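Enquirer: Below you will find the structure I want to go over with you.
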Amino acid sequence: MIHLLSLITFIPLVGALVVLCLPKDGRRPIEVVGLLATALPLVLSCWLYAAFDCSDAAGATMQFVERHAWIPSMNVQYYLGVDGLSGPLVILTALMSLIAMIASLGIKERFKEYVFWFLVLEVGMLGVFESLDFFLFYVFWELTLVPMYFLIGVWGGPQKEYAAIKFFLYTLTGSVFMLLAILALYFQADPHTFDMVALMKIHGSLSLKFQIIVFLGFYLGFAVKVPAFPFHTWLPLAHVEAPTAISVILAAVLLKMGVYGIMRVSYTMLPLGFEWFLPILVMIAVINIVYGALCAMAQTDMKKMVAYSSINHMGYCLLAIAGCSATGFSGSLLQMVNHGIITGALFLLVGVIYDRAHTRDITVFGGLATRVPVYAGFMSLACFASLGLPGLAGFVSEFLCFLGAFTRWKYHTAVAVVGILVTAAFFLRMIEKVFLGPLNNRWADLSDMNARELVSVVPLAILMVALGIWPKWALGMMNATMMHMAGLFK
Amino acid sequence: MVNLALLRPEFVLSALALALLAADLLTPPGRGRALDWGALASCAATLALVIAGLACAGGHLGLGTLWAVDPFSQFLKIVILGSAILSLLLNLDYEGIPVRHAGSFSGLLLLCTVGMMFLVSAVDLLLLFVSLELVSLSSFVLTGYERASPKSNEGALKYFIFGAFAAAVMAFGISLFYGEARTTLLLSLGSPLGPLGLLGLLFILIGFGFKAAMVPMHFWVPDAYEGAPTPVTAFLSVAPKVAALGALARLLTALVPTRAADLTLLLSILCVLTMTVGNFVALFQRNVKRLLAYSSIAQAGYIMIGIVTADAMGTQGVLLYSFVYVAMNIGAFAMAIALAEDRRRYAAGDPYDLSAFDGLAGRSLPAALAMAFFLLSLAGIPPLAGFIGKFYLIGSAVGTRHYWLAVAAVVNSVVSVYYYMSIAYRMFFVARQREAPRRLSMGVSLYGSAALALAAVLALGVLPDRLVAWVQASAKFLP
């Protein structure tokens, strides 16, 4: 299968164009096209997983490569490929898109437009992880912006317009500086090229000063997406205002683009700049972890709490990267995958209760476990996974993150452990306030999860347990590449 | 005589323009709009002539003493004719032009086009001046064409007063320049200019700055653009800018190179000012014509980057951006006209108020998406054509180490997103006004020109290679 990656990427685009041609009154055909256009990439990415070469020898190479001239006069290529770093993220994206599409079936108004923007968004997200040409990379990177703007702005909560434009301007500001950095690299390479694989090999000829400046340009773009302190302020707003399915996508996929960029671009192409920035990066990681957790602790809005916990969890990823070891890289990548699954589930579950109670305030609930036992079970499972209970997915990756960072940054890691404590505290407090204690009579006739909600949550719950017990399913795919990356600058 | 043959397209278009003016007298009253089609056909014929000349040129074409017919000028002529055709298409569905003078209206528009075609070919200051005047004089009249509208009159008068001033300064500059160089021909220039010649050059720059609406010579723009009949606004916001900036690029990169006079610093300051003022003032506009007027000031600022850097990539960027700018800006104006014509039917007050866009997505999703794509393209978001152009311009700034220019350009792009998206906000997030009909009705030719522009914006964004290759071949000056 030569065009596997192209198929995965552009099936949603075909779906989007088909949806655009359908009449907006007939809801059923739009649903079918939307589901098909997200399910097919998932099926194909399972194929990708099966056909992926996990042997050590393949760690340094790109697989499923597709390479064609796109704009020859500018030396721009259509160049796709995955390795152990991007492969898991592609699969995660395909999975979470289908889950989010299922969760979106509850959208009432302007469903056609919604599905259109959603599918365009998926194209952008998949493309970012697959592209190996900077021009293409940037195009896909920006392609995620506009659909997200509309998805938040039209279907979001009370402050949706403000959240949408803030998200757009924040991310765009970051990414235009990334564009400048890309251009600077392009002109530095001889011959001029946007080929990321080729650019990974020229770092020896780049001076420290140049690397630092270019690193900062890229970092601005990536840090906004991560989001790393102090560029995180768009995130709670966007997450809270976005409709449930879009919060899922934001947390599960969009945030990963930032960390992926740091690993793919900053670390491999600009090692001197990266090394120079490390002490600051590790500080930022610790701030993300501790500050994110404390902020989450202070929230009474469940969705906001989960949003801040994302900031905390992405801090683990950054901390692990700062360790510059194979363990750290694997931990970071696994944490990205796990965070996608777990936080995705958490947002879905918060959406479930919001749809029924029309509030997300932790303090107004109580004793719900007797009324909605299935819901309580899933919610507790997701919370435990998120706070890192052994046996569930979150524990493995967080453990690897700390392990990877500890050899190099002992004190920072020690401080970061506080974050775990706080995380446990706020999740347990939430479980206690919402599900335990006497039942608040206001919620006496709350109904439990319906079939659609179960279909979207159950696969994620299974994965949480499966990856907790046998993380090798994911780690096996990453391992060779992570070893290769860690050995690059030894 | 060989040289005169090179000007066949210009001659043909001037003759057809004069014929239209004459035909205006002869057509029976009330039937004047039929002449619009004549104007369209004339432009199309001239375009065909230019393109045919492109095909059989085979490299060098030869050079007159006043004008150069080279790939650079031919490319810009095609762009100018393209924008004239699109603007004339917009005019077909526009109600504001008095039917009695429809023929002279299109005749003047064609004459304006002829002026621009001369302008981009000129290598002699006198021809430069005369063609600039031809452009200016016809645009003054076009701006004031809606005689009953006070805004149209005000705009035309402002435009005229500023224009007359700029022309006088420019003529003075040319005389100073002549005093030092002893010639108005720009080809034999090589040695550094003395102070007098430099002063002359600065004055000439003012003339160009007025036509291309560079800050601080832009004060006429918002009023003239708001007052002018909207097809004219669409035309004036692209064609004269493209022509003047193209001519300026020829003047400053080929004819008066930096070794003769180094204006890089001055130009880069003007460039940053133009982008920044245009974008920041656009943030506060409530009238879509004024908003697009300020946005077009900023767009000219982006194009100027290519003139400042003056390398191959910069010159290519000027051409590339000019081409895509025509498509996206006229497309945006087409939608603005459609919405205004629609709004006139159900509401009083300013038809070009931004509220005309309220809830467009619900009334016509294709129209809203098209407008959104035009705006995003103007903002430079990939994968639309505007991004490719901006990429080239910013790339040339980075490549020639004008880093601050590059930073200013990208920061400006972010600022511009805010006001472009304020229209998208109205189209997608706001509910439609209660009096507005459920469906948007749109004239056929408006529809056609918007569709043409949209096709260009999308196709050139995704598959820009042929255009880029053509631009690379065209960015050559003959001398």
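To be explicit about the labels: the chains of the structure tokens are called A, B, and onward in the order shown, and within each one the residues are counted from 1, while ligands get numbers from 1 in the order they are shown.
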Report the closest atom pair, with its distance in Å rounded to one decimal, for each residue of chain B that has an atom no farther than 7 Å from chain A; count only C-alpha atoms, sort by chain and then rising residue number, and write it as CSV.

Expert:
```
residue,atom,partner,partner_atom,distance
B:Ile381,CA,A:Glu142,CA,6.8
B:Pro382,CA,A:Val139,CA,5.3
B:Pro383,CA,A:Val139,CA,5.8
B:Gly395,CA,A:Leu183,CA,6.1
B:Val398,CA,A:Ala184,CA,6.4
B:Gly399,CA,A:Phe187,CA,6.1
B:Val410,CA,A:Val176,CA,5.9
B:Val414,CA,A:Thr173,CA,6.1
B:Phe428,CA,A:Val154,CA,6.8
B:Phe429,CA,A:Val154,CA,5.4
B:Pro464,CA,A:Ile71,CA,6.8
B:Asp465,CA,A:Ile71,CA,4.8
B:Val468,CA,A:Ser73,CA,6.7
B:Ala469,CA,A:Ser73,CA,6.0
```

Enquirer: Hey, what's within 8 Å of B:Leu92 if we count only C-alpha atoms and toss same-chain stuff fewer than 2 positions away? As a ChimeraX atom specification, please?

Expert: /B:33,36,88-90,94,445-446

Enquirer: Dump all heavy atoms for the selected residues as a PDB file, in the first residue's frame?

Expert:
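Final file, again_12.pdb:
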```
ATOM      1  N   ARG B  33     -26.659  50.369 -21.104  1.00  0.00           N
ATOM      2  CA  ARG B  33     -25.939  49.297 -20.413  1.00  0.00           C
ATOM      3  C   ARG B  33     -25.423  48.232 -21.373  1.00  0.00           C
ATOM      4  O   ARG B  33     -24.549  47.448 -21.025  1.00  0.00           O
ATOM      5  CB  ARG B  33     -26.840  48.642 -19.353  1.00  0.00           C
ATOM      6  CG  ARG B  33     -27.217  49.557 -18.196  1.00  0.00           C
ATOM      7  CD  ARG B  33     -26.024  50.199 -17.520  1.00  0.00           C
ATOM      8  NE  ARG B  33     -25.230  49.308 -16.688  1.00  0.00           N
ATOM      9  CZ  ARG B  33     -25.204  49.324 -15.360  1.00  0.00           C
ATOM     10  NH1 ARG B  33     -25.935  50.194 -14.702  1.00  0.00           N
ATOM     11  NH2 ARG B  33     -24.445  48.507 -14.685  1.00  0.00           N
ATOM     12  N   ASP B  36     -21.759  48.073 -21.812  1.00  0.00           N
ATOM     13  CA  ASP B  36     -20.897  47.381 -20.839  1.00  0.00           C
ATOM     14  C   ASP B  36     -20.277  46.146 -21.459  1.00  0.00           C
ATOM     15  O   ASP B  36     -19.117  45.822 -21.215  1.00  0.00           O
ATOM     16  CB  ASP B  36     -21.716  46.961 -19.616  1.00  0.00           C
ATOM     17  CG  ASP B  36     -22.133  48.162 -18.799  1.00  0.00           C
ATOM     18  OD1 ASP B  36     -21.588  49.254 -19.069  1.00  0.00           O
ATOM     19  OD2 ASP B  36     -22.977  48.017 -17.913  1.00  0.00           O
ATOM     20  N   LEU B  88     -15.384  45.197 -14.491  1.00  0.00           N
ATOM     21  CA  LEU B  88     -16.498  45.437 -15.419  1.00  0.00           C
ATOM     22  C   LEU B  88     -17.611  44.422 -15.196  1.00  0.00           C
ATOM     23  O   LEU B  88     -18.800  44.752 -15.318  1.00  0.00           O
ATOM     24  CB  LEU B  88     -15.997  45.355 -16.861  1.00  0.00           C
ATOM     25  CG  LEU B  88     -15.218  46.591 -17.330  1.00  0.00           C
ATOM     26  CD1 LEU B  88     -14.524  46.323 -18.648  1.00  0.00           C
ATOM     27  CD2 LEU B  88     -16.151  47.786 -17.470  1.00  0.00           C
ATOM     28  N   LEU B  89     -17.224  43.194 -14.855  1.00  0.00           N
ATOM     29  CA  LEU B  89     -18.244  42.189 -14.529  1.00  0.00           C
ATOM     30  C   LEU B  89     -19.049  42.625 -13.314  1.00  0.00           C
ATOM     31  O   LEU B  89     -20.279  42.497 -13.286  1.00  0.00           O
ATOM     32  CB  LEU B  89     -17.583  40.849 -14.245  1.00  0.00           C
ATOM     33  CG  LEU B  89     -17.337  39.918 -15.430  1.00  0.00           C
ATOM     34  CD1 LEU B  89     -16.569  38.693 -14.980  1.00  0.00           C
ATOM     35  CD2 LEU B  89     -18.664  39.505 -16.045  1.00  0.00           C
ATOM     36  N   LEU B  90     -18.350  43.146 -12.308  1.00  0.00           N
ATOM     37  CA  LEU B  90     -19.056  43.619 -11.115  1.00  0.00           C
ATOM     38  C   LEU B  90     -20.024  44.729 -11.497  1.00  0.00           C
ATOM     39  O   LEU B  90     -21.127  44.841 -10.965  1.00  0.00           O
ATOM     40  CB  LEU B  90     -18.081  44.174 -10.078  1.00  0.00           C
ATOM     41  CG  LEU B  90     -17.021  43.272  -9.487  1.00  0.00           C
ATOM     42  CD1 LEU B  90     -16.348  43.976  -8.334  1.00  0.00           C
ATOM     43  CD2 LEU B  90     -17.657  41.991  -8.994  1.00  0.00           C
ATOM     44  N   TYR B  94     -24.385  46.291 -10.951  1.00  0.00           N
ATOM     45  CA  TYR B  94     -24.373  47.429 -10.042  1.00  0.00           C
ATOM     46  C   TYR B  94     -25.350  48.472 -10.547  1.00  0.00           C
ATOM     47  O   TYR B  94     -25.335  48.829 -11.737  1.00  0.00           O
ATOM     48  CB  TYR B  94     -22.954  47.994  -9.975  1.00  0.00           C
ATOM     49  CG  TYR B  94     -22.790  49.085  -8.960  1.00  0.00           C
ATOM     50  CD1 TYR B  94     -22.727  48.773  -7.611  1.00  0.00           C
ATOM     51  CD2 TYR B  94     -22.704  50.414  -9.348  1.00  0.00           C
ATOM     52  CE1 TYR B  94     -22.583  49.771  -6.670  1.00  0.00           C
ATOM     53  CE2 TYR B  94     -22.552  51.407  -8.413  1.00  0.00           C
ATOM     54  CZ  TYR B  94     -22.494  51.084  -7.077  1.00  0.00           C
ATOM     55  OH  TYR B  94     -22.353  52.071  -6.148  1.00  0.00           O
ATOM     56  N   SER B 445     -23.737  38.057 -12.835  1.00  0.00           N
ATOM     57  CA  SER B 445     -22.354  38.399 -13.149  1.00  0.00           C
ATOM     58  C   SER B 445     -21.540  38.586 -11.868  1.00  0.00           C
ATOM     59  O   SER B 445     -20.345  38.300 -11.840  1.00  0.00           O
ATOM     60  CB  SER B 445     -22.295  39.650 -14.002  1.00  0.00           C
ATOM     61  OG  SER B 445     -22.801  40.730 -13.277  1.00  0.00           O
ATOM     62  N   LEU B 446     -22.207  39.033 -10.799  1.00  0.00           N
ATOM     63  CA  LEU B 446     -21.514  39.078  -9.504  1.00  0.00           C
ATOM     64  C   LEU B 446     -21.114  37.674  -9.100  1.00  0.00           C
ATOM     65  O   LEU B 446     -19.994  37.405  -8.667  1.00  0.00           O
ATOM     66  CB  LEU B 446     -22.437  39.641  -8.420  1.00  0.00           C
ATOM     67  CG  LEU B 446     -22.557  41.141  -8.327  1.00  0.00           C
ATOM     68  CD1 LEU B 446     -23.517  41.489  -7.213  1.00  0.00           C
ATOM     69  CD2 LEU B 446     -21.211  41.749  -8.049  1.00  0.00           C
TER      70      LEU B 446
END
```

Enquirer: Hey, what's within 7 Å of B:Gly30 if we count only C-alpha atoms and toss same-chain stuff fewer than 2 positions away? As a compact mmCIF listing (two decimals) with N, CA, C and O atoms, in the first residue's frame, please?

Expert:
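The result, stored in out_7.txt:
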```
# COMPACT_ATOMS: atom_id res chain seq x y z
N PRO B 28 -29.48 54.60 -28.30
CA PRO B 28 -30.77 55.16 -27.87
C PRO B 28 -30.82 55.23 -26.35
O PRO B 28 -30.22 54.39 -25.67
N GLY B 32 -28.12 52.11 -22.72
CA GLY B 32 -26.68 52.33 -22.53
C GLY B 32 -25.95 51.14 -21.94
O GLY B 32 -24.78 50.92 -22.24
N VAL B 99 -27.68 55.22 -16.32
CA VAL B 99 -27.70 54.49 -17.60
C VAL B 99 -27.29 55.40 -18.75
O VAL B 99 -26.66 54.99 -19.72
N ARG B 100 -27.64 56.68 -18.62
CA ARG B 100 -27.39 57.63 -19.70
C ARG B 100 -25.90 57.73 -20.01
O ARG B 100 -25.51 58.05 -21.12
```

Enquirer: What does the distance between atom CA of B:Gln472 and atom CA of B:Cys43 come to in Å, to one decimal place?

Expert: 25.5 Å

Enquirer: Write out as a PyMOL selection string each polymer residue whose atoms come within 10 Å of A:Ala198, counting only C-alpha atoms; drop sequence neighbours fewer than 2 positions from it.

Expert: chain A and resi 132-133+189+193-196+200-203+269

Enquirer: Could the residues in this selection be saved with C-alpha atoms as a PDB file, in the first residue's frame?

Expert:
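Output file result.pdb follows:
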```pdb
ATOM      1  CA  LEU A 132       8.121  15.872   6.398  1.00  0.00           C
ATOM      2  CA  ASP A 133       8.361  19.037   4.374  1.00  0.00           C
ATOM      3  CA  ALA A 189      20.545  25.167   4.130  1.00  0.00           C
ATOM      4  CA  THR A 193      15.297  23.191   1.091  1.00  0.00           C
ATOM      5  CA  PHE A 194      12.190  22.650   3.179  1.00  0.00           C
ATOM      6  CA  ASP A 195      12.923  18.932   3.475  1.00  0.00           C
ATOM      7  CA  MET A 196      12.757  18.212   7.214  1.00  0.00           C
ATOM      8  CA  MET A 200      17.899  17.359  10.498  1.00  0.00           C
ATOM      9  CA  LYS A 201      21.354  16.679   9.133  1.00  0.00           C
ATOM     10  CA  ILE A 202      22.681  20.207   8.760  1.00  0.00           C
ATOM     11  CA  HIS A 203      22.767  21.263  12.404  1.00  0.00           C
ATOM     12  CA  MET A 269      17.331  20.225  14.104  1.00  0.00           C
TER      13      MET A 269
END
```

Enquirer: Considering only C-alpha atoms, can you say which of A:Pro459, A:Gly106, A:Gly331, A:Gly344 comes closest to A:Glu31?

Expert: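 Ranked by minimum distance to A:Glu31, first place goes to A:Gly106.
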
Enquirer: Between atom CA of B:Leu292 and atom CA of B:Pro216, what is the distance in Å, rounded to a tenth?

Expert: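 According to the coordinates, atom CA of B:Leu292 and atom CA of B:Pro216 are separated by 17.8 Å.
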
Enquirer: Compare B:Gly209, B:Gly227, B:Gly96, B:Gly103 by their minimum atom-to-atom distance to B:Thr143, counting only C-alpha atoms, and give me the closest one.

Expert: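 Counting only C-alpha atoms, the residue closest to B:Thr143 is B:Gly227.
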